[in-house]
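Next comes protein_12.tsv, a file with TSV, N, CA and C atoms.
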```tsv
chain	number	residue	atom	x	y	z
A	1	MET	N	0.82	-1.20	0.00
A	1	MET	CA	0.00	0.00	0.00
A	1	MET	C	0.86	1.26	0.00
A	2	ARG	N	1.94	1.21	0.78
A	2	ARG	CA	2.81	2.38	0.86
A	2	ARG	C	3.46	2.66	-0.50
A	3	LYS	N	3.86	1.62	-1.22
A	3	LYS	CA	4.48	1.79	-2.55
A	3	LYS	C	3.49	2.45	-3.51
A	4	LEU	N	2.25	2.05	-3.42
A	4	LEU	CA	1.22	2.64	-4.27
A	4	LEU	C	1.05	4.12	-3.97
A	5	PHE	N	1.05	4.47	-2.68
A	5	PHE	CA	0.91	5.87	-2.29
A	5	PHE	C	2.09	6.70	-2.78
A	6	VAL	N	3.31	6.18	-2.62
A	6	VAL	CA	4.52	6.89	-3.06
A	6	VAL	C	4.50	7.06	-4.58
A	7	THR	N	4.14	6.02	-5.29
A	7	THR	CA	4.07	6.09	-6.75
A	7	THR	C	3.04	7.13	-7.18
A	8	ALA	N	1.88	7.13	-6.55
A	8	ALA	CA	0.84	8.11	-6.89
A	8	ALA	C	1.31	9.52	-6.60
A	9	ALA	N	2.00	9.72	-5.48
A	9	ALA	CA	2.49	11.05	-5.12
A	9	ALA	C	3.51	11.55	-6.14
A	10	ILE	N	4.38	10.66	-6.59
A	10	ILE	CA	5.38	11.03	-7.60
A	10	ILE	C	4.70	11.40	-8.92
A	11	LEU	N	3.75	10.60	-9.35
A	11	LEU	CA	3.04	10.89	-10.60
A	11	LEU	C	2.29	12.21	-10.53
A	12	ILE	N	1.67	12.50	-9.41
A	12	ILE	CA	0.94	13.77	-9.25
A	12	ILE	C	1.92	14.94	-9.30
A	13	SER	N	3.07	14.80	-8.64
A	13	SER	CA	4.03	15.91	-8.64
A	13	SER	C	4.63	16.12	-10.03
A	14	ILE	N	4.89	15.05	-10.75
A	14	ILE	CA	5.42	15.19	-12.11
A	14	ILE	C	4.39	15.81	-13.03
A	15	SER	N	3.14	15.38	-12.92
A	15	SER	CA	2.10	15.94	-13.80
A	15	SER	C	1.87	17.40	-13.52
A	16	GLY	N	2.18	17.86	-12.32
A	16	GLY	CA	2.05	19.28	-11.99
A	16	GLY	C	3.05	20.12	-12.76
A	17	CYS	N	4.14	19.49	-13.22
A	17	CYS	CA	5.17	20.21	-13.98
A	17	CYS	C	4.80	20.33	-15.46
A	18	ALA	N	3.84	19.55	-15.91
A	18	ALA	CA	3.46	19.58	-17.32
A	18	ALA	C	2.95	20.96	-17.70
A	19	GLN	N	3.39	21.43	-18.85
A	19	GLN	CA	2.99	22.75	-19.30
A	19	GLN	C	1.63	22.68	-19.97
A	20	LYS	N	0.78	23.62	-19.62
A	20	LYS	CA	-0.53	23.71	-20.25
A	20	LYS	C	-0.43	24.77	-21.34
A	21	ILE	N	-0.72	24.36	-22.55
A	21	ILE	CA	-0.61	25.25	-23.71
A	21	ILE	C	-1.99	25.70	-24.14
A	22	ASP	N	-2.13	26.99	-24.35
A	22	ASP	CA	-3.37	27.58	-24.86
A	22	ASP	C	-3.65	26.97	-26.24
A	23	PRO	N	-4.86	26.47	-26.47
A	23	PRO	CA	-5.18	25.86	-27.77
A	23	PRO	C	-4.96	26.80	-28.95
A	24	GLN	N	-5.18	28.09	-28.74
A	24	GLN	CA	-4.97	29.06	-29.82
A	24	GLN	C	-3.48	29.14	-30.18
A	25	ILE	N	-2.62	29.12	-29.18
A	25	ILE	CA	-1.18	29.16	-29.42
A	25	ILE	C	-0.73	27.86	-30.10
A	26	ALA	N	-1.28	26.74	-29.66
A	26	ALA	CA	-0.95	25.46	-30.28
A	26	ALA	C	-1.35	25.46	-31.76
A	27	ALA	N	-2.51	26.04	-32.06
A	27	ALA	CA	-2.97	26.12	-33.45
A	27	ALA	C	-2.04	27.00	-34.28
A	28	GLN	N	-1.59	28.12	-33.70
A	28	GLN	CA	-0.66	29.02	-34.42
A	28	GLN	C	0.65	28.30	-34.70
A	29	ALA	N	1.11	27.50	-33.76
A	29	ALA	CA	2.37	26.77	-33.95
A	29	ALA	C	2.25	25.72	-35.06
A	30	GLN	N	1.05	25.22	-35.29
A	30	GLN	CA	0.83	24.20	-36.32
A	30	GLN	C	0.61	24.79	-37.71
A	31	GLN	N	0.28	26.08	-37.78
A	31	GLN	CA	0.00	26.71	-39.07
A	31	GLN	C	1.26	26.73	-39.94
A	32	PRO	N	1.15	26.35	-41.20
A	32	PRO	CA	2.31	26.43	-42.09
A	32	PRO	C	2.65	27.88	-42.42
A	33	VAL	N	3.91	28.11	-42.78
A	33	VAL	CA	4.35	29.43	-43.21
A	33	VAL	C	4.68	29.35	-44.69
A	34	TYR	N	3.80	29.94	-45.52
A	34	TYR	CA	4.01	29.97	-46.96
A	34	TYR	C	4.37	31.39	-47.39
A	35	CYS	N	5.19	31.47	-48.43
A	35	CYS	CA	5.47	32.76	-49.05
A	35	CYS	C	5.36	32.59	-50.56
A	36	GLN	N	5.05	33.68	-51.23
A	36	GLN	CA	4.87	33.67	-52.68
A	36	GLN	C	5.71	34.79	-53.27
A	37	GLY	N	6.60	34.45	-54.18
A	37	GLY	CA	7.41	35.45	-54.85
A	37	GLY	C	8.69	35.76	-54.11
A	38	LYS	N	9.69	36.22	-54.84
A	38	LYS	CA	11.01	36.47	-54.27
A	38	LYS	C	10.98	37.51	-53.16
A	39	GLU	N	10.26	38.61	-53.35
A	39	GLU	CA	10.26	39.68	-52.35
A	39	GLU	C	9.69	39.20	-51.02
A	40	GLN	N	8.53	38.57	-51.06
A	40	GLN	CA	7.92	38.10	-49.81
A	40	GLN	C	8.77	37.00	-49.17
A	41	CYS	N	9.28	36.09	-49.97
A	41	CYS	CA	10.09	34.99	-49.43
A	41	CYS	C	11.39	35.51	-48.81
A	42	ASP	N	12.04	36.49	-49.45
A	42	ASP	CA	13.25	37.08	-48.88
A	42	ASP	C	12.93	37.78	-47.56
A	43	THR	N	11.81	38.48	-47.50
A	43	THR	CA	11.39	39.18	-46.28
A	43	THR	C	11.14	38.17	-45.17
A	44	TYR	N	10.40	37.12	-45.45
A	44	TYR	CA	10.11	36.09	-44.46
A	44	TYR	C	11.40	35.44	-43.96
A	45	TRP	N	12.32	35.16	-44.88
A	45	TRP	CA	13.57	34.51	-44.51
A	45	TRP	C	14.41	35.40	-43.61
A	46	SER	N	14.49	36.70	-43.93
A	46	SER	CA	15.26	37.60	-43.05
A	46	SER	C	14.62	37.74	-41.70
A	47	ARG	N	13.29	37.74	-41.64
A	47	ARG	CA	12.61	37.81	-40.34
A	47	ARG	C	12.89	36.57	-39.50
A	48	ALA	N	12.88	35.40	-40.14
A	48	ALA	CA	13.16	34.16	-39.41
A	48	ALA	C	14.57	34.21	-38.82
A	49	LYS	N	15.53	34.64	-39.62
A	49	LYS	CA	16.91	34.71	-39.15
A	49	LYS	C	17.05	35.73	-38.02
A	50	ALA	N	16.42	36.88	-38.16
A	50	ALA	CA	16.50	37.92	-37.13
A	50	ALA	C	15.87	37.45	-35.82
A	51	TRP	N	14.69	36.81	-35.91
A	51	TRP	CA	14.00	36.36	-34.70
A	51	TRP	C	14.85	35.33	-33.96
A	52	ILE	N	15.42	34.39	-34.69
A	52	ILE	CA	16.24	33.36	-34.06
A	52	ILE	C	17.48	33.99	-33.42
A	53	ALA	N	18.11	34.92	-34.11
A	53	ALA	CA	19.29	35.59	-33.56
A	53	ALA	C	18.96	36.33	-32.27
A	54	MET	N	17.76	36.92	-32.20
A	54	MET	CA	17.37	37.70	-31.01
A	54	MET	C	16.82	36.83	-29.88
A	55	ASN	N	16.27	35.66	-30.18
A	55	ASN	CA	15.53	34.89	-29.17
A	55	ASN	C	16.10	33.54	-28.80
A	56	SER	N	17.05	33.04	-29.53
A	56	SER	CA	17.60	31.72	-29.21
A	56	SER	C	18.74	31.85	-28.21
A	57	GLY	N	18.81	30.89	-27.30
A	57	GLY	CA	19.94	30.82	-26.37
A	57	GLY	C	21.17	30.22	-27.02
A	58	TRP	N	21.01	29.69	-28.22
A	58	TRP	CA	22.12	29.11	-28.97
A	58	TRP	C	22.43	29.99	-30.16
A	59	LYS	N	23.69	30.13	-30.49
A	59	LYS	CA	24.09	30.93	-31.65
A	59	LYS	C	23.69	30.23	-32.94
A	60	ILE	N	23.51	31.03	-33.97
A	60	ILE	CA	23.23	30.47	-35.29
A	60	ILE	C	24.51	29.81	-35.80
A	61	GLN	N	24.38	28.53	-36.14
A	61	GLN	CA	25.52	27.78	-36.65
A	61	GLN	C	25.62	27.89	-38.16
A	62	MET	N	24.46	27.92	-38.81
A	62	MET	CA	24.44	27.95	-40.27
A	62	MET	C	23.23	28.74	-40.74
A	63	ALA	N	23.44	29.58	-41.71
A	63	ALA	CA	22.33	30.31	-42.32
A	63	ALA	C	22.67	30.55	-43.78
A	64	ASP	N	21.93	29.90	-44.65
A	64	ASP	CA	22.09	30.12	-46.08
A	64	ASP	C	20.71	30.34	-46.69
A	65	GLU	N	20.56	30.13	-47.96
A	65	GLU	CA	19.28	30.39	-48.63
A	65	GLU	C	18.24	29.31	-48.37
A	66	THR	N	18.65	28.19	-47.77
A	66	THR	CA	17.74	27.07	-47.57
A	66	THR	C	17.54	26.69	-46.10
A	67	VAL	N	18.58	26.87	-45.27
A	67	VAL	CA	18.53	26.43	-43.88
A	67	VAL	C	19.04	27.52	-42.94
A	68	ILE	N	18.33	27.71	-41.83
A	68	ILE	CA	18.82	28.50	-40.71
A	68	ILE	C	18.84	27.53	-39.54
A	69	SER	N	19.99	27.35	-38.91
A	69	SER	CA	20.11	26.36	-37.85
A	69	SER	C	21.00	26.87	-36.73
A	70	THR	N	20.54	26.69	-35.49
A	70	THR	CA	21.38	27.03	-34.35
A	70	THR	C	22.23	25.82	-33.99
A	71	TYR	N	23.15	26.02	-33.07
A	71	TYR	CA	23.88	24.88	-32.54
A	71	TYR	C	22.90	23.95	-31.85
A	72	THR	N	23.22	22.68	-31.80
A	72	THR	CA	22.35	21.66	-31.21
A	72	THR	C	22.43	21.74	-29.68
A	73	PRO	N	21.28	21.75	-29.02
A	73	PRO	CA	21.29	21.73	-27.55
A	73	PRO	C	22.04	20.51	-27.02
A	74	ILE	N	22.81	20.73	-25.93
A	74	ILE	CA	23.64	19.66	-25.39
A	74	ILE	C	23.34	19.43	-23.91
A	75	GLY	N	23.87	18.35	-23.38
A	75	GLY	CA	23.72	18.04	-21.97
A	75	GLY	C	22.26	17.85	-21.63
A	76	ASN	N	21.83	18.48	-20.57
A	76	ASN	CA	20.42	18.45	-20.15
A	76	ASN	C	19.77	19.80	-20.35
A	77	SER	N	20.28	20.58	-21.27
A	77	SER	CA	19.82	21.95	-21.47
A	77	SER	C	18.35	22.01	-21.86
A	78	ALA	N	17.63	22.90	-21.19
A	78	ALA	CA	16.23	23.14	-21.53
A	78	ALA	C	16.10	24.28	-22.53
A	79	VAL	N	17.23	24.85	-22.95
A	79	VAL	CA	17.23	25.96	-23.90
A	79	VAL	C	16.97	25.42	-25.30
A	80	LEU	N	16.03	26.06	-26.00
A	80	LEU	CA	15.63	25.60	-27.33
A	80	LEU	C	16.69	25.87	-28.40
A	81	GLY	N	16.81	24.92	-29.29
A	81	GLY	CA	17.56	25.10	-30.52
A	81	GLY	C	16.56	25.18	-31.66
A	82	TYR	N	16.91	25.83	-32.74
A	82	TYR	CA	15.98	26.06	-33.85
A	82	TYR	C	16.58	25.61	-35.17
A	83	GLN	N	15.69	25.20	-36.06
A	83	GLN	CA	16.05	24.96	-37.45
A	83	GLN	C	14.85	25.34	-38.31
A	84	VAL	N	15.11	26.15	-39.32
A	84	VAL	CA	14.08	26.51	-40.28
A	84	VAL	C	14.60	26.10	-41.65
A	85	VAL	N	13.78	25.36	-42.37
A	85	VAL	CA	14.15	24.89	-43.71
A	85	VAL	C	13.15	25.44	-44.71
A	86	LYS	N	13.68	26.09	-45.74
A	86	LYS	CA	12.84	26.62	-46.82
A	86	LYS	C	12.67	25.54	-47.88
A	87	THR	N	11.42	25.15	-48.08
A	87	THR	CA	11.11	24.08	-49.03
A	87	THR	C	10.37	24.64	-50.23
A	88	PRO	N	10.93	24.52	-51.43
A	88	PRO	CA	10.23	25.01	-52.61
A	88	PRO	C	9.02	24.13	-52.94
A	89	LEU	N	7.91	24.78	-53.25
A	89	LEU	CA	6.68	24.06	-53.58
A	89	LEU	C	6.29	24.21	-55.04
A	90	GLY	N	7.07	24.98	-55.79
A	90	GLY	CA	6.76	25.23	-57.20
A	90	GLY	C	5.97	26.51	-57.38
A	91	ASN	N	5.94	27.00	-58.60
A	91	ASN	CA	5.23	28.24	-58.94
A	91	ASN	C	5.65	29.41	-58.06
A	92	ASP	N	6.96	29.49	-57.75
A	92	ASP	CA	7.53	30.59	-56.97
A	92	ASP	C	6.96	30.66	-55.55
A	93	LYS	N	6.52	29.50	-55.03
A	93	LYS	CA	5.97	29.42	-53.67
A	93	LYS	C	6.88	28.53	-52.82
A	94	ASN	N	7.10	28.95	-51.57
A	94	ASN	CA	7.93	28.20	-50.64
A	94	ASN	C	7.21	28.02	-49.32
A	95	GLU	N	7.62	27.01	-48.58
A	95	GLU	CA	7.15	26.81	-47.21
A	95	GLU	C	8.36	26.83	-46.30
A	96	SER	N	8.27	27.56	-45.20
A	96	SER	CA	9.32	27.55	-44.18
A	96	SER	C	8.88	26.60	-43.07
A	97	VAL	N	9.62	25.52	-42.89
A	97	VAL	CA	9.30	24.51	-41.90
A	97	VAL	C	10.16	24.77	-40.66
A	98	VAL	N	9.50	24.99	-39.52
A	98	VAL	CA	10.19	25.31	-38.27
A	98	VAL	C	10.26	24.08	-37.38
A	99	GLU	N	11.45	23.78	-36.87
A	99	GLU	CA	11.64	22.70	-35.91
A	99	GLU	C	12.39	23.25	-34.71
A	100	THR	N	11.98	22.82	-33.52
A	100	THR	CA	12.65	23.23	-32.29
A	100	THR	C	13.00	21.98	-31.49
A	101	SER	N	14.03	22.09	-30.67
A	101	SER	CA	14.37	20.97	-29.79
A	101	SER	C	15.21	21.48	-28.63
A	102	CYS	N	15.18	20.71	-27.55
A	102	CYS	CA	16.08	20.96	-26.43
A	102	CYS	C	16.58	19.60	-25.95
A	103	ALA	N	17.51	19.60	-25.02
A	103	ALA	CA	18.12	18.35	-24.58
A	103	ALA	C	17.62	17.93	-23.19
A	104	ASN	N	16.50	18.49	-22.75
A	104	ASN	CA	15.99	18.20	-21.42
A	104	ASN	C	14.77	17.29	-21.52
A	105	MET	N	14.81	16.16	-20.86
A	105	MET	CA	13.72	15.20	-20.97
A	105	MET	C	12.43	15.69	-20.31
A	106	PHE	N	12.51	16.72	-19.47
A	106	PHE	CA	11.32	17.25	-18.80
A	106	PHE	C	10.69	18.39	-19.58
A	107	GLY	N	11.32	18.83	-20.64
A	107	GLY	CA	10.74	19.88	-21.47
A	107	GLY	C	11.68	21.04	-21.68
A	108	CYS	N	11.24	21.93	-22.51
A	108	CYS	CA	12.04	23.09	-22.90
A	108	CYS	C	11.52	24.34	-22.19
A	109	ILE	N	12.42	25.27	-21.93
A	109	ILE	CA	12.05	26.54	-21.33
A	109	ILE	C	12.63	27.63	-22.21
A	110	PRO	N	11.82	28.49	-22.77
A	110	PRO	CA	10.36	28.48	-22.76
A	110	PRO	C	9.80	27.33	-23.60
A	111	SER	N	8.51	27.20	-23.58
A	111	SER	CA	7.82	26.11	-24.27
A	111	SER	C	8.13	26.14	-25.77
A	112	ALA	N	8.41	24.96	-26.32
A	112	ALA	CA	8.70	24.84	-27.75
A	112	ALA	C	7.49	25.26	-28.58
A	113	VAL	N	6.29	24.90	-28.14
A	113	VAL	CA	5.07	25.26	-28.88
A	113	VAL	C	4.88	26.77	-28.88
A	114	GLU	N	5.05	27.40	-27.72
A	114	GLU	CA	4.89	28.86	-27.65
A	114	GLU	C	5.92	29.59	-28.50
A	115	GLN	N	7.17	29.13	-28.43
A	115	GLN	CA	8.21	29.80	-29.21
A	115	GLN	C	8.03	29.58	-30.71
A	116	THR	N	7.56	28.41	-31.10
A	116	THR	CA	7.29	28.16	-32.52
A	116	THR	C	6.19	29.09	-33.00
A	117	ALA	N	5.14	29.27	-32.21
A	117	ALA	CA	4.06	30.18	-32.58
A	117	ALA	C	4.57	31.61	-32.68
A	118	LYS	N	5.39	32.03	-31.73
A	118	LYS	CA	5.95	33.40	-31.77
A	118	LYS	C	6.81	33.61	-33.00
A	119	LEU	N	7.66	32.62	-33.31
A	119	LEU	CA	8.52	32.72	-34.49
A	119	LEU	C	7.68	32.82	-35.76
A	120	LYS	N	6.70	31.95	-35.90
A	120	LYS	CA	5.86	31.97	-37.11
A	120	LYS	C	5.07	33.27	-37.22
A	121	ASN	N	4.55	33.77	-36.11
A	121	ASN	CA	3.82	35.04	-36.13
A	121	ASN	C	4.74	36.19	-36.52
A	122	TYR	N	5.97	36.17	-36.04
A	122	TYR	CA	6.93	37.21	-36.39
A	122	TYR	C	7.28	37.17	-37.88
A	123	ILE	N	7.47	35.98	-38.38
A	123	ILE	CA	7.81	35.82	-39.80
A	123	ILE	C	6.69	36.43	-40.66
A	124	LYS	N	5.44	36.14	-40.30
A	124	LYS	CA	4.30	36.55	-41.13
A	124	LYS	C	3.79	37.95	-40.81
A	125	ALA	N	4.41	38.64	-39.85
A	125	ALA	CA	3.94	39.98	-39.46
A	125	ALA	C	3.98	40.93	-40.66
A	126	GLN	N	2.97	41.76	-40.76
A	126	GLN	CA	2.91	42.72	-41.88
A	126	GLN	C	3.40	44.09	-41.48
```

Starting from the file, lay out its structure as structure tokens.
Amino acid sequence: MRKLFVTAAILISISGCAQKIDPQIAAQAQQPVYCQGKEQCDTYWSRAKAWIAMNSGWKIQMADETVISTYTPIGNSAVLGYQVVKTPLGNDKNESVVETSCANMFGCIPSAVEQTAKLKNYIKAQ
């Protein structure tokens, strides 16, 4: 009985650490980022690079016309790393695919979903 109580107490304390994400923010993080034409795509790409440079705890390791990538999170770091890949879709249209990761098994700080939504909103800002 005591083992059951201890196990339940541990599970309750761990679940208290789980981050609750606003459904609207989660939806924004899932929205694709499309651009049409060289001017809009160049603008979106520069915004992505600027946002990552200003908001990532890791330095940008690589930035070219197709990939923007920070250094990979190491150890048990909860600090997010970013990668944005520009994928051509044809007819002068591209999609910017955002990926985030950290090296902490308990989660990232700040939340990967929230930061993805912020990055995508910044890219698409008018």

Listing only residues of stretch 38-74 of chain A within 7 Å of stretch 114-126 of chain A, what is the closest atom pair and its distance in Å (to one decimal) for each, using only N, CA and C atoms, sorted by chain and residue number ascending, as a tab-separated table?
```
residue	atom	partner	partner_atom	distance
A:Thr43	C	A:Ile123	C	6.6
A:Tyr44	CA	A:Ile123	C	5.1
A:Trp45	N	A:Ile123	CA	6.8
A:Arg47	C	A:Ile123	CA	5.1
A:Ala48	N	A:Ile123	CA	5.1
A:Trp51	CA	A:Leu119	CA	6.6
```

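Taking only C-alpha atoms, the non-local environment of A:Met105 within 9 Å (same-chain residues fewer than 3 positions away omitted) comprises A:Asn76, A:Ala78, A:Cys102, A:Cys108.
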
Output N, CA and C atoms for every residue in that selection, as a short mmCIF file (atom, residue, chain, number, x, y, z; two decimals), keeping the file's coordinate frame.
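And here's out_7.cif as it stands now:
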```cif
data_model
loop_
_atom_site.label_atom_id
_atom_site.label_comp_id
_atom_site.auth_asym_id
_atom_site.auth_seq_id
_atom_site.Cartn_x
_atom_site.Cartn_y
_atom_site.Cartn_z
N ASN A 76 21.83 18.48 -20.57
CA ASN A 76 20.42 18.45 -20.15
C ASN A 76 19.77 19.80 -20.35
N ALA A 78 17.63 22.90 -21.19
CA ALA A 78 16.23 23.14 -21.53
C ALA A 78 16.10 24.28 -22.53
N CYS A 102 15.18 20.71 -27.55
CA CYS A 102 16.08 20.96 -26.43
C CYS A 102 16.58 19.60 -25.95
N CYS A 108 11.24 21.93 -22.51
CA CYS A 108 12.04 23.09 -22.90
C CYS A 108 11.52 24.34 -22.19
#
```

TODO: Excluding A:Pro88 and residues on its chain fewer than 3 positions from it, collect all residues at most 12 Å away from it, counting only C-alpha atoms, and give them as a PyMOL selection string.
DONE: chain A and resi 33-38+41+65-66+85+91-97

- [ ] Go through A:Ala103, A:Ala26, A:Glu39, A:Trp58 and flag the residue nearest A:Ile74, using only N, CA and C atoms for the distances.
- [x] A:Ala103

Open item on the list: According to DSSP computed on the backbone, where in chain A is there helix (DSSP H, G or I)? Give the residues as a ChimeraX atom specification.
Closed with: /A:2-17,23-30,38-55,112-124

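Distance-wise, atom C of A:Val67 and atom N of A:Gln40 end up 17.3 Å apart.
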
Open item on the list: Quick check, in Å to one decimal: how far apart do atom CA of A:Pro110 and atom C of A:Thr87 lie?
Closed with: 27.7 Å

Open item on the list: If I take atom N of A:Asn55 and atom N of A:Leu89, how far is one from the other in Å, to one decimal?
Closed with: 26.8 Å

Coordinates of stretch 79-94 of chain A, N, CA, C and O atoms, as a compact mmCIF listing (two decimals), in the first residue's frame:
```txt
# COMPACT_ATOMS: atom_id res chain seq x y z
N VAL A 79 17.23 24.85 -22.95
CA VAL A 79 17.23 25.96 -23.90
C VAL A 79 16.97 25.42 -25.30
O VAL A 79 17.59 24.45 -25.74
N LEU A 80 16.03 26.06 -26.00
CA LEU A 80 15.63 25.60 -27.33
C LEU A 80 16.69 25.87 -28.40
O LEU A 80 17.31 26.93 -28.42
N GLY A 81 16.81 24.92 -29.29
CA GLY A 81 17.56 25.10 -30.52
C GLY A 81 16.56 25.18 -31.66
O GLY A 81 15.44 24.66 -31.56
N TYR A 82 16.91 25.83 -32.74
CA TYR A 82 15.98 26.06 -33.85
C TYR A 82 16.58 25.61 -35.17
O TYR A 82 17.79 25.70 -35.39
N GLN A 83 15.69 25.20 -36.06
CA GLN A 83 16.05 24.96 -37.45
C GLN A 83 14.85 25.34 -38.31
O GLN A 83 13.73 24.93 -38.02
N VAL A 84 15.11 26.15 -39.32
CA VAL A 84 14.08 26.51 -40.28
C VAL A 84 14.60 26.10 -41.65
O VAL A 84 15.73 26.42 -42.01
N VAL A 85 13.78 25.36 -42.37
CA VAL A 85 14.15 24.89 -43.71
C VAL A 85 13.15 25.44 -44.71
O VAL A 85 11.94 25.30 -44.53
N LYS A 86 13.68 26.09 -45.74
CA LYS A 86 12.84 26.62 -46.82
C LYS A 86 12.67 25.54 -47.88
O LYS A 86 13.64 25.08 -48.48
N THR A 87 11.42 25.15 -48.08
CA THR A 87 11.11 24.08 -49.03
C THR A 87 10.37 24.64 -50.23
O THR A 87 9.29 25.21 -50.06
N PRO A 88 10.93 24.52 -51.43
CA PRO A 88 10.23 25.01 -52.61
C PRO A 88 9.02 24.13 -52.94
O PRO A 88 9.10 22.91 -52.89
N LEU A 89 7.91 24.78 -53.25
CA LEU A 89 6.68 24.06 -53.58
C LEU A 89 6.29 24.21 -55.04
O LEU A 89 5.29 23.66 -55.47
N GLY A 90 7.07 24.98 -55.79
CA GLY A 90 6.76 25.23 -57.20
C GLY A 90 5.97 26.51 -57.38
O GLY A 90 5.41 27.06 -56.43
N ASN A 91 5.94 27.00 -58.60
CA ASN A 91 5.23 28.24 -58.94
C ASN A 91 5.65 29.41 -58.06
O ASN A 91 4.82 30.21 -57.63
N ASP A 92 6.96 29.49 -57.75
CA ASP A 92 7.53 30.59 -56.97
C ASP A 92 6.96 30.66 -55.55
O ASP A 92 6.89 31.72 -54.95
N LYS A 93 6.52 29.50 -55.03
CA LYS A 93 5.97 29.42 -53.67
C LYS A 93 6.88 28.53 -52.82
O LYS A 93 7.39 27.52 -53.30
N ASN A 94 7.10 28.95 -51.57
CA ASN A 94 7.93 28.20 -50.64
C ASN A 94 7.21 28.02 -49.32
O ASN A 94 6.33 28.81 -48.97
```
